[in-house]
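Enquirer: Next comes input.csv, CSV, C-alpha atoms:
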```
chain,number,residue,atom,x,y,z
A,178,MET,CA,96.3,81.4,132.5
A,179,LYS,CA,97.9,81.7,129.1
A,180,PHE,CA,100.9,84.0,128.7
A,181,LEU,CA,102.1,85.7,125.6
A,182,PRO,CA,105.8,85.3,124.6
A,183,ALA,CA,107.9,88.3,125.7
A,184,LYS,CA,108.6,89.2,122.0
A,185,ARG,CA,104.9,89.2,121.3
A,186,ILE,CA,104.2,91.5,124.3
A,187,PHE,CA,106.9,93.8,123.1
A,188,SER,CA,105.4,94.0,119.7
A,189,ILE,CA,101.9,94.9,121.0
A,190,PHE,CA,103.2,97.8,123.1
A,191,SER,CA,106.0,98.8,120.7
A,192,ASN,CA,106.4,102.4,119.8
A,193,ASP,CA,109.4,101.7,117.6
A,194,LEU,CA,109.2,102.7,113.9
A,195,ALA,CA,110.7,101.4,110.7
A,196,ILE,CA,110.6,104.1,108.0
A,197,ASP,CA,111.2,104.1,104.3
A,198,LEU,CA,111.9,107.8,103.8
A,199,GLY,CA,111.5,107.8,100.0
A,200,THR,CA,111.6,110.5,97.4
A,201,ALA,CA,108.1,109.7,96.3
A,202,ASN,CA,106.5,108.1,99.3
A,203,THR,CA,107.1,107.8,103.1
A,204,VAL,CA,106.1,104.4,104.5
A,205,VAL,CA,106.0,103.6,108.2
A,206,TYR,CA,106.0,100.1,109.7
A,207,VAL,CA,105.3,99.3,113.4
A,208,PRO,CA,106.3,95.9,114.9
A,209,GLY,CA,103.2,93.9,115.6
A,210,ARG,CA,101.0,96.1,113.4
A,211,GLY,CA,102.6,96.1,110.0
A,212,ILE,CA,102.5,99.0,107.6
A,213,VAL,CA,100.5,101.8,109.3
A,214,LEU,CA,101.2,104.7,107.0
A,215,ASN,CA,101.9,105.1,103.3
A,216,GLU,CA,101.8,108.7,102.1
A,217,PRO,CA,103.5,110.8,99.4
A,218,SER,CA,106.6,112.6,100.7
A,219,VAL,CA,105.0,116.0,100.2
A,220,VAL,CA,104.3,118.7,102.8
A,221,ALA,CA,102.4,122.0,102.6
A,222,VAL,CA,103.3,124.8,105.0
A,223,LYS,CA,102.3,128.4,105.5
A,224,ALA,CA,104.7,130.6,103.5
A,225,GLY,CA,107.8,131.7,105.4
A,226,THR,CA,107.1,129.2,108.3
A,227,THR,CA,107.4,125.5,109.1
A,228,GLN,CA,103.7,125.4,110.2
A,229,VAL,CA,102.4,122.3,108.5
A,230,LEU,CA,99.0,122.7,106.9
A,231,ALA,CA,98.9,119.3,105.2
A,232,ALA,CA,101.1,116.4,104.4
A,233,GLY,CA,100.9,113.3,102.3
A,234,LYS,CA,98.1,112.8,99.8
A,235,SER,CA,96.3,116.1,100.7
A,236,ALA,CA,99.5,118.0,100.2
A,237,LYS,CA,100.3,116.3,96.9
A,238,GLU,CA,97.0,117.4,95.5
A,239,MET,CA,98.1,121.0,96.2
A,240,LEU,CA,101.3,120.8,94.2
A,241,GLY,CA,101.3,123.5,91.5
A,242,LYS,CA,98.0,124.8,92.7
A,243,THR,CA,98.7,126.8,95.8
A,244,PRO,CA,98.3,130.6,96.4
A,245,GLU,CA,101.3,132.6,97.5
A,246,SER,CA,100.4,132.1,101.2
A,247,ILE,CA,100.9,128.3,101.0
A,248,VAL,CA,104.0,126.5,99.9
A,249,ALA,CA,103.6,122.8,98.8
A,250,SER,CA,106.9,121.0,98.1
A,251,ARG,CA,108.8,117.7,98.2
A,252,PRO,CA,111.5,118.1,100.8
A,253,ILE,CA,113.3,114.9,99.6
A,254,ARG,CA,115.0,115.0,96.2
A,255,ASP,CA,117.0,112.2,94.6
A,256,GLY,CA,116.7,110.1,97.8
A,257,VAL,CA,118.3,112.7,100.1
A,258,ILE,CA,117.0,115.6,102.2
A,259,ALA,CA,116.8,118.8,100.2
A,260,ASN,CA,115.1,120.8,102.9
A,261,PHE,CA,116.0,119.8,106.5
A,262,GLU,CA,113.3,121.9,108.3
A,263,LEU,CA,110.5,120.7,106.0
A,264,THR,CA,111.6,117.1,106.3
A,265,GLU,CA,111.6,117.4,110.0
A,266,SER,CA,108.1,118.9,110.0
A,267,MET,CA,106.8,116.2,107.7
A,268,LEU,CA,108.3,113.4,109.7
A,269,ARG,CA,106.8,114.9,113.0
A,270,TYR,CA,103.4,115.1,111.3
A,271,PHE,CA,103.6,111.4,110.2
A,272,ILE,CA,104.9,110.2,113.5
A,273,ARG,CA,102.1,111.9,115.4
A,274,ALA,CA,99.6,110.4,112.9
A,275,VAL,CA,100.9,106.9,113.6
A,276,HIS,CA,100.9,107.3,117.4
A,277,ASN,CA,97.6,109.2,117.4
A,278,ASP,CA,99.2,112.1,119.3
A,279,ARG,CA,99.5,109.9,122.5
A,280,ARG,CA,102.6,110.2,124.6
A,281,THR,CA,104.9,107.3,124.4
A,282,LEU,CA,105.9,105.6,127.6
A,283,VAL,CA,109.1,104.0,126.2
A,284,ARG,CA,112.0,105.5,124.3
A,285,PRO,CA,111.2,104.5,120.7
A,286,ARG,CA,113.9,103.4,118.3
A,287,MET,CA,113.8,104.2,114.6
A,288,ILE,CA,115.5,102.5,111.7
A,289,ILE,CA,115.3,104.5,108.5
A,290,GLY,CA,116.1,103.2,104.9
A,291,VAL,CA,118.5,105.5,103.1
A,292,PRO,CA,120.1,105.4,99.6
A,293,SER,CA,123.4,103.6,99.4
A,294,GLY,CA,125.1,106.6,97.8
A,295,ILE,CA,124.3,108.8,100.7
A,296,THR,CA,127.1,110.9,102.2
A,297,GLN,CA,127.9,111.1,105.9
A,298,VAL,CA,126.6,114.7,106.0
A,299,GLU,CA,123.3,113.5,104.4
A,300,GLU,CA,123.0,110.5,106.7
A,301,ARG,CA,123.5,112.8,109.7
A,302,ALA,CA,120.7,115.1,108.4
A,303,VAL,CA,118.4,112.1,108.2
A,304,LYS,CA,119.2,111.1,111.8
A,305,ASP,CA,118.9,114.6,113.1
A,306,SER,CA,115.5,115.0,111.4
A,307,ALA,CA,114.3,111.8,113.0
A,308,LYS,CA,115.5,112.9,116.5
A,309,GLN,CA,114.0,116.4,116.1
A,310,ALA,CA,110.7,114.8,114.9
A,311,GLY,CA,110.3,112.7,118.1
A,312,ALA,CA,112.8,109.8,118.1
A,313,ARG,CA,114.0,109.9,121.7
A,314,GLY,CA,115.8,106.5,121.5
A,315,GLU,CA,118.3,105.0,119.0
A,316,VAL,CA,118.2,106.1,115.4
A,317,HIS,CA,119.8,103.7,112.9
A,318,THR,CA,120.0,103.7,109.2
A,319,ILE,CA,120.2,100.9,106.7
A,320,ILE,CA,120.9,101.2,103.0
A,321,GLU,CA,117.8,100.7,100.9
A,322,PRO,CA,119.0,97.8,98.6
A,323,MET,CA,119.9,95.7,101.7
A,324,ALA,CA,116.5,96.4,103.2
A,325,ALA,CA,114.8,95.7,99.9
A,326,ALA,CA,116.6,92.4,99.5
A,327,ILE,CA,115.5,91.4,103.1
A,328,GLY,CA,111.9,92.5,102.4
A,329,ALA,CA,111.8,90.6,99.1
A,330,GLY,CA,112.7,87.4,100.9
A,331,LEU,CA,116.2,86.9,99.3
A,332,PRO,CA,118.5,84.6,101.3
A,333,VAL,CA,120.8,87.5,102.4
A,334,GLN,CA,122.2,85.5,105.3
A,335,GLU,CA,123.5,82.6,103.2
A,336,PRO,CA,126.9,82.4,101.6
A,337,CYS,CA,125.5,82.8,98.1
A,338,GLY,CA,125.0,85.8,95.8
A,339,SER,CA,121.7,87.7,95.6
A,340,MET,CA,121.2,90.6,93.3
A,341,ILE,CA,118.5,93.3,94.0
A,342,VAL,CA,117.7,96.2,91.7
A,343,ASP,CA,115.7,98.9,93.6
A,344,ILE,CA,114.2,101.4,91.3
A,345,GLY,CA,112.8,104.2,93.5
A,346,GLY,CA,111.5,107.7,92.9
A,347,GLY,CA,114.9,109.5,93.1
A,348,THR,CA,117.5,106.7,92.8
A,349,THR,CA,118.1,103.3,91.2
A,350,GLU,CA,120.3,101.1,93.4
A,351,VAL,CA,121.9,97.8,92.4
A,352,ALA,CA,123.5,95.5,95.0
A,353,VAL,CA,125.0,92.1,95.2
A,354,ILE,CA,124.6,90.7,98.7
A,355,SER,CA,126.1,87.7,100.5
A,356,LEU,CA,126.3,86.8,104.3
A,357,LYS,CA,124.3,89.9,105.3
A,358,SER,CA,126.9,92.2,103.7
A,359,VAL,CA,127.0,94.1,100.5
A,360,VAL,CA,129.6,92.7,98.1
A,361,PHE,CA,129.1,95.4,95.5
A,362,CYS,CA,126.7,98.3,95.3
A,363,ARG,CA,126.1,101.1,92.8
A,364,SER,CA,123.6,103.9,93.0
A,365,VAL,CA,122.6,106.4,90.3
A,366,ARG,CA,120.3,109.3,90.9
A,367,VAL,CA,117.8,108.2,88.2
A,368,GLY,CA,114.4,106.8,89.0
A,369,GLY,CA,110.7,107.5,88.6
A,370,ASP,CA,111.1,111.2,89.0
A,371,GLU,CA,113.6,111.3,86.2
A,372,MET,CA,111.2,109.4,84.0
A,373,ASP,CA,108.5,112.0,84.7
A,374,ARG,CA,110.8,114.8,83.8
A,375,ALA,CA,111.8,113.0,80.6
A,376,ILE,CA,108.1,112.8,79.6
A,377,VAL,CA,107.6,116.5,80.4
A,378,GLN,CA,110.5,117.5,78.2
A,379,TYR,CA,109.5,115.1,75.3
A,380,VAL,CA,105.9,116.6,75.2
A,381,LYS,CA,107.3,120.1,75.4
A,382,ARG,CA,109.8,119.4,72.6
A,383,LYS,CA,107.5,117.6,70.2
A,384,TYR,CA,104.1,119.2,70.8
A,385,ASN,CA,105.1,122.6,72.3
A,386,LEU,CA,102.8,121.7,75.2
A,387,LEU,CA,103.7,122.3,78.8
A,388,ILE,CA,102.5,119.7,81.3
A,389,GLY,CA,103.2,119.2,85.0
A,390,GLU,CA,105.1,116.3,86.6
A,391,ARG,CA,101.9,114.9,88.1
A,392,THR,CA,100.4,114.6,84.6
A,393,ALA,CA,103.7,113.0,83.4
A,394,GLU,CA,103.5,110.5,86.3
A,395,ARG,CA,99.9,109.6,85.3
A,396,ILE,CA,101.1,109.1,81.6
A,397,LYS,CA,103.9,106.9,82.8
A,398,ILE,CA,101.6,104.7,84.9
A,399,GLU,CA,98.8,104.4,82.3
A,400,ILE,CA,100.7,103.8,79.1
A,401,GLY,CA,104.5,103.8,79.9
A,402,ALA,CA,106.6,100.8,78.8
A,403,ALA,CA,110.3,100.0,78.9
A,404,LEU,CA,110.0,97.4,76.1
A,405,LEU,CA,107.5,97.3,73.2
A,406,ASP,CA,107.0,93.6,72.3
A,407,ALA,CA,104.1,91.2,71.7
A,408,LEU,CA,103.4,91.0,75.4
A,409,VAL,CA,102.9,94.8,75.8
A,410,GLU,CA,99.4,96.2,75.0
A,411,LEU,CA,99.8,99.4,73.0
A,412,ARG,CA,97.7,102.2,74.5
A,413,THR,CA,96.9,105.9,74.1
A,414,VAL,CA,96.0,108.6,76.6
A,415,GLU,CA,94.7,112.1,76.3
A,416,VAL,CA,97.0,114.8,77.7
A,417,LYS,CA,95.9,118.3,78.6
A,418,GLY,CA,98.4,121.2,79.1
A,419,ARG,CA,99.2,124.7,78.0
A,420,ASP,CA,100.2,125.5,74.4
A,421,LEU,CA,103.5,127.3,74.5
A,422,VAL,CA,102.8,129.1,71.2
A,423,SER,CA,99.3,130.4,71.8
A,424,GLY,CA,99.3,130.3,75.6
A,425,VAL,CA,95.9,128.6,75.8
A,426,PRO,CA,95.0,125.1,77.1
A,427,LYS,CA,95.2,122.3,74.5
A,428,THR,CA,94.6,118.5,74.4
A,429,ILE,CA,96.8,116.0,72.5
A,430,THR,CA,96.9,112.2,72.3
A,431,LEU,CA,100.0,110.3,73.3
A,432,THR,CA,100.8,106.7,72.4
A,433,SER,CA,102.8,104.0,74.2
A,434,GLN,CA,105.5,104.2,71.4
A,435,GLU,CA,106.0,107.9,72.1
A,436,VAL,CA,106.3,107.4,75.9
A,437,ASN,CA,108.8,104.6,75.3
A,438,GLU,CA,110.8,107.0,73.1
A,439,ALA,CA,110.7,109.6,75.9
A,440,LEU,CA,111.9,107.1,78.5
A,441,LEU,CA,114.8,105.5,76.4
A,442,GLU,CA,117.6,107.6,77.9
A,443,THR,CA,116.5,107.0,81.5
A,444,ILE,CA,116.0,103.3,81.0
A,445,SER,CA,119.4,103.1,79.4
A,446,SER,CA,121.0,104.5,82.6
A,447,ILE,CA,119.3,101.8,84.6
A,448,VAL,CA,120.4,99.1,82.3
A,449,ASP,CA,124.0,100.5,82.4
A,450,VAL,CA,124.2,100.4,86.2
A,451,VAL,CA,123.0,96.8,86.2
A,452,ARG,CA,125.7,95.9,83.7
A,453,VAL,CA,128.3,97.6,85.8
A,454,ALA,CA,127.2,95.6,88.9
A,455,LEU,CA,127.4,92.3,87.0
A,456,GLU,CA,130.9,93.2,85.7
A,457,ASN,CA,132.1,93.8,89.2
A,458,THR,CA,130.6,90.7,90.8
A,459,PRO,CA,133.1,88.0,91.9
A,460,PRO,CA,132.9,84.9,89.7
A,461,GLU,CA,131.7,82.6,92.4
A,462,LEU,CA,128.8,84.8,93.1
A,463,SER,CA,128.1,85.4,89.4
A,464,SER,CA,127.6,81.6,89.1
A,465,ASP,CA,124.8,81.9,91.8
A,466,LEU,CA,123.1,84.6,89.8
A,467,VAL,CA,122.8,82.4,86.7
A,468,ASP,CA,120.3,80.2,88.6
A,469,LYS,CA,118.8,82.7,91.0
A,470,GLY,CA,118.6,85.7,88.7
A,471,ILE,CA,117.8,89.3,89.5
A,472,LYS,CA,115.0,90.6,91.8
A,473,LEU,CA,113.4,93.9,91.0
A,474,ALA,CA,111.9,96.2,93.7
A,475,GLY,CA,110.6,99.7,94.1
A,476,GLY,CA,107.9,101.6,92.2
A,477,GLY,CA,109.9,101.8,89.0
A,478,SER,CA,109.9,98.0,88.7
A,479,LEU,CA,106.1,98.3,87.9
A,480,LEU,CA,106.9,99.9,84.5
A,481,ARG,CA,105.7,97.5,82.0
A,482,GLY,CA,108.3,95.3,80.3
A,483,ILE,CA,111.3,96.4,82.4
A,484,ASP,CA,111.9,92.9,83.7
A,485,ARG,CA,111.9,91.4,80.3
A,486,LEU,CA,114.2,94.1,79.0
A,487,LEU,CA,116.8,93.5,81.7
A,488,SER,CA,116.5,89.7,81.2
A,489,ARG,CA,117.1,90.2,77.4
A,490,VAL,CA,120.1,92.4,78.1
A,491,THR,CA,121.8,90.3,80.8
A,492,GLY,CA,120.7,86.9,79.8
A,493,LEU,CA,119.6,86.2,83.4
A,494,PRO,CA,116.2,85.4,84.8
A,495,VAL,CA,114.6,88.6,86.1
A,496,SER,CA,111.5,88.8,88.3
A,497,VAL,CA,109.6,91.5,90.1
A,498,ALA,CA,109.3,91.1,93.9
A,499,GLU,CA,105.9,90.6,95.6
A,500,ASP,CA,104.7,94.1,96.8
A,501,PRO,CA,107.7,95.9,95.2
A,502,LEU,CA,106.5,99.2,96.6
A,503,PHE,CA,106.9,97.9,100.2
A,504,CYS,CA,110.0,95.8,100.0
A,505,VAL,CA,112.2,98.4,101.6
A,506,VAL,CA,109.9,99.1,104.6
A,507,LYS,CA,109.2,95.4,105.1
A,508,GLY,CA,112.9,94.8,105.2
A,509,VAL,CA,113.5,97.6,107.6
A,510,GLY,CA,110.7,96.3,109.8
A,511,LYS,CA,112.2,92.8,109.8
A,512,VAL,CA,115.6,94.3,110.9
A,513,LEU,CA,113.8,96.2,113.6
A,514,GLU,CA,112.1,93.1,114.9
A,515,GLU,CA,115.2,90.9,114.7
A,516,LEU,CA,117.8,93.5,115.5
A,517,ASP,CA,120.2,91.0,117.1
A,518,VAL,CA,120.2,88.9,113.9
A,519,PHE,CA,120.6,91.8,111.4
A,520,ARG,CA,122.6,94.4,113.4
A,521,GLU,CA,125.6,94.0,111.2
A,522,ALA,CA,123.4,94.9,108.1
A,523,LEU,CA,123.0,98.4,109.6
A,524,MET,CA,125.1,101.3,108.4
A,525,LYS,CA,128.1,101.8,110.7
```
Kindly present the structure from the file in structure tokens form.

Expert:
Amino acid sequence: MKFLPAKRIFSIFSNDLAIDLGTANTVVYVPGRGIVLNEPSVVAVKAGTTQVLAAGKSAKEMLGKTPESIVASRPIRDGVIANFELTESMLRYFIRAVHNDRRTLVRPRMIIGVPSGITQVEERAVKDSAKQAGARGEVHTIIEPMAAAIGAGLPVQEPCGSMIVDIGGGTTEVAVISLKSVVFCRSVRVGGDEMDRAIVQYVKRKYNLLIGERTAERIKIEIGAALLDALVELRTVEVKGRDLVSGVPKTITLTSQEVNEALLETISSIVDVVRVALENTPPELSSDLVDKGIKLAGGGSLLRGIDRLLSRVTGLPVSVAEDPLFCVVKGVGKVLEELDVFREALMK
């Protein structure tokens, strides 16, 4: 009779969860099964209650379109919990979806990726939300740049410098890592959401047209670019919104150049935080970065040309990680599976 290794048996029956509780998306990883849930961090509840009517994609479609009896919102802003009760309700909804409402026989552990700039109060709110949502075992947190570096396959355990730039929905985090510890880390509350808001304001200022953040996100994805050079195809997109002068719906055409102009200030903030990190990196680790370069992760790294822009500014090789959207949750999952190896990488 062939027996499975103990670790493999544990993975098959594991109820433990690795969670990337992001501003834009919540992603859940289960040992032995991989990524089992990837949904927008949006929840719709009955007005005045925490009764969840929808969460994830179906709730996101309701944003800006609900009657007074339904409230659709994003309970996580700038990487931290803005509404404790709604976050707890959303987490419980997702956990039940992952476990198919079956009762767990073991006490599940959770490891949750959180922004590096999180305060102790905010971290406690994340842990409390997880416990209230169904985590009956240990709840650990790990900063997202560390998780992203592990998920991107960087040699974080070795005595050499690795730099990760994680551009998420609410925050951009830059970290230099060596020997499973963060040597320098800086976080700014600028990310994909700030880019969307910048596009909304640009269209409002230039065309007197009011558009929603969902429309702005679509514009950013379809024609947005951090750098306009010969490698970037110039595109246009039709945008529909409400004319602020006449009050009636109107359609305009936006170009890649205009979106680039709208995003300049936000992109400059990201470039500045990378510069600050490089200036504060010890010289021995800086020499490692000359050869190894910078790795980009997070949804914001998919903005066209941002890798070439950072390479041009820093003079270092810059590359986008494979599956940048899932680097954090894959890193959290690896820590969960090899907790003895990576325990010192967790937040104390």

Enquirer: Which residues come within 10 Å of A:Leu486, counting only C-alpha atoms, excluding same-chain residues fewer than 3 positions away, as a PyMOL selection string?

Expert: chain A and resi 403-406+444+448+481-483+489-492+495

Enquirer: Store the residues of this selection in a file with C-alpha atoms, as a CSV table (one decimal), in the frame of the given file.

Expert:
```
chain,number,residue,atom,x,y,z
A,403,ALA,CA,110.3,100.0,78.9
A,404,LEU,CA,110.0,97.4,76.1
A,405,LEU,CA,107.5,97.3,73.2
A,406,ASP,CA,107.0,93.6,72.3
A,444,ILE,CA,116.0,103.3,81.0
A,448,VAL,CA,120.4,99.1,82.3
A,481,ARG,CA,105.7,97.5,82.0
A,482,GLY,CA,108.3,95.3,80.3
A,483,ILE,CA,111.3,96.4,82.4
A,489,ARG,CA,117.1,90.2,77.4
A,490,VAL,CA,120.1,92.4,78.1
A,491,THR,CA,121.8,90.3,80.8
A,492,GLY,CA,120.7,86.9,79.8
A,495,VAL,CA,114.6,88.6,86.1
```

Enquirer: Calculate how many Å separate atom CA of A:Val416 from atom CA of A:Leu431, rounding to one decimal.

Expert: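 Distance reported for this atom pair: 7.0 Å.
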
Enquirer: Write out as an MDAnalysis selection string the residues lying within 12 Å of stretch 417-422 of chain A, counting all atoms listed in the file and excluding same-chain residues fewer than 3 positions away.

Expert: chainID A and resid 377 380:393 395:396 414 425:431

Enquirer: Residues near A:Ala224, anyone? I mean within 12 Å using all atoms listed in the file, not counting same-chain ones fewer than 2 positions away, as number ranges by chain.

Expert: A: 220-222, 226-230, 243-250, 263

Enquirer: Between atom CA of A:Ser496 and atom CA of A:Leu356, what is the spacing in Å?

Expert: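 Separation between atom CA of A:Leu356 and atom CA of A:Ser496: 21.9 Å.
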
Enquirer: Give me, please, the distance in Å between atom CA of A:Tyr270 and atom CA of A:Met524, quoted to one decimal.

Expert: 25.9 Å

Enquirer: Find the residues around A:Ile344 up to 9 Å (all atoms listed in the file counted), leave out those fewer than 2 positions away in its own chain, and share them as a PDB file with C-alpha atoms, in the frame of the given file.

Expert:
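Heads up, here's the output in result_37.pdb:
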```pdb
ATOM      1  CA  VAL A 342     117.700  96.200  91.700  1.00  0.00           C
ATOM      2  CA  GLY A 346     111.500 107.700  92.900  1.00  0.00           C
ATOM      3  CA  GLY A 347     114.900 109.500  93.100  1.00  0.00           C
ATOM      4  CA  THR A 348     117.500 106.700  92.800  1.00  0.00           C
ATOM      5  CA  THR A 349     118.100 103.300  91.200  1.00  0.00           C
ATOM      6  CA  GLU A 350     120.300 101.100  93.400  1.00  0.00           C
ATOM      7  CA  VAL A 351     121.900  97.800  92.400  1.00  0.00           C
ATOM      8  CA  VAL A 367     117.800 108.200  88.200  1.00  0.00           C
ATOM      9  CA  GLY A 368     114.400 106.800  89.000  1.00  0.00           C
ATOM     10  CA  GLY A 369     110.700 107.500  88.600  1.00  0.00           C
ATOM     11  CA  ILE A 447     119.300 101.800  84.600  1.00  0.00           C
ATOM     12  CA  LEU A 473     113.400  93.900  91.000  1.00  0.00           C
ATOM     13  CA  ALA A 474     111.900  96.200  93.700  1.00  0.00           C
ATOM     14  CA  GLY A 475     110.600  99.700  94.100  1.00  0.00           C
ATOM     15  CA  GLY A 476     107.900 101.600  92.200  1.00  0.00           C
ATOM     16  CA  GLY A 477     109.900 101.800  89.000  1.00  0.00           C
ATOM     17  CA  SER A 478     109.900  98.000  88.700  1.00  0.00           C
TER      18      SER A 478
END
```

Enquirer: Pick the closest to A:Val453 from A:Ala498, A:Ala352, A:Leu513, A:Asp484: which is it, counting only C-alpha atoms?

Expert: A:Ala352

Enquirer: (120.7, 107.2, 114.3) in this file's frame - what residues fall within 10 Å of it? Use all atoms listed in the file and give the answer as an MDAnalysis selection string.

Expert: chainID A and resid 286:289 300:308 312 314:319 524:525

Enquirer: Can you write just those residues out, C-alpha atoms, as a short mmCIF file (atom, residue, chain, number, x, y, z; two decimals), keeping the file's coordinate frame?

Expert:
```cif
data_model
loop_
_atom_site.label_atom_id
_atom_site.label_comp_id
_atom_site.auth_asym_id
_atom_site.auth_seq_id
_atom_site.Cartn_x
_atom_site.Cartn_y
_atom_site.Cartn_z
CA ARG A 286 113.90 103.40 118.30
CA MET A 287 113.80 104.20 114.60
CA ILE A 288 115.50 102.50 111.70
CA ILE A 289 115.30 104.50 108.50
CA GLU A 300 123.00 110.50 106.70
CA ARG A 301 123.50 112.80 109.70
CA ALA A 302 120.70 115.10 108.40
CA VAL A 303 118.40 112.10 108.20
CA LYS A 304 119.20 111.10 111.80
CA ASP A 305 118.90 114.60 113.10
CA SER A 306 115.50 115.00 111.40
CA ALA A 307 114.30 111.80 113.00
CA LYS A 308 115.50 112.90 116.50
CA ALA A 312 112.80 109.80 118.10
CA GLY A 314 115.80 106.50 121.50
CA GLU A 315 118.30 105.00 119.00
CA VAL A 316 118.20 106.10 115.40
CA HIS A 317 119.80 103.70 112.90
CA THR A 318 120.00 103.70 109.20
CA ILE A 319 120.20 100.90 106.70
CA MET A 524 125.10 101.30 108.40
CA LYS A 525 128.10 101.80 110.70
#
```

Enquirer: Pick from A:Gly510, A:Ala324, A:Ile400, A:Lys472: nearest to A:Gly209, with only C-alpha atoms counted?

Expert: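 With only C-alpha atoms as the atom set, the closest residue is A:Gly510.
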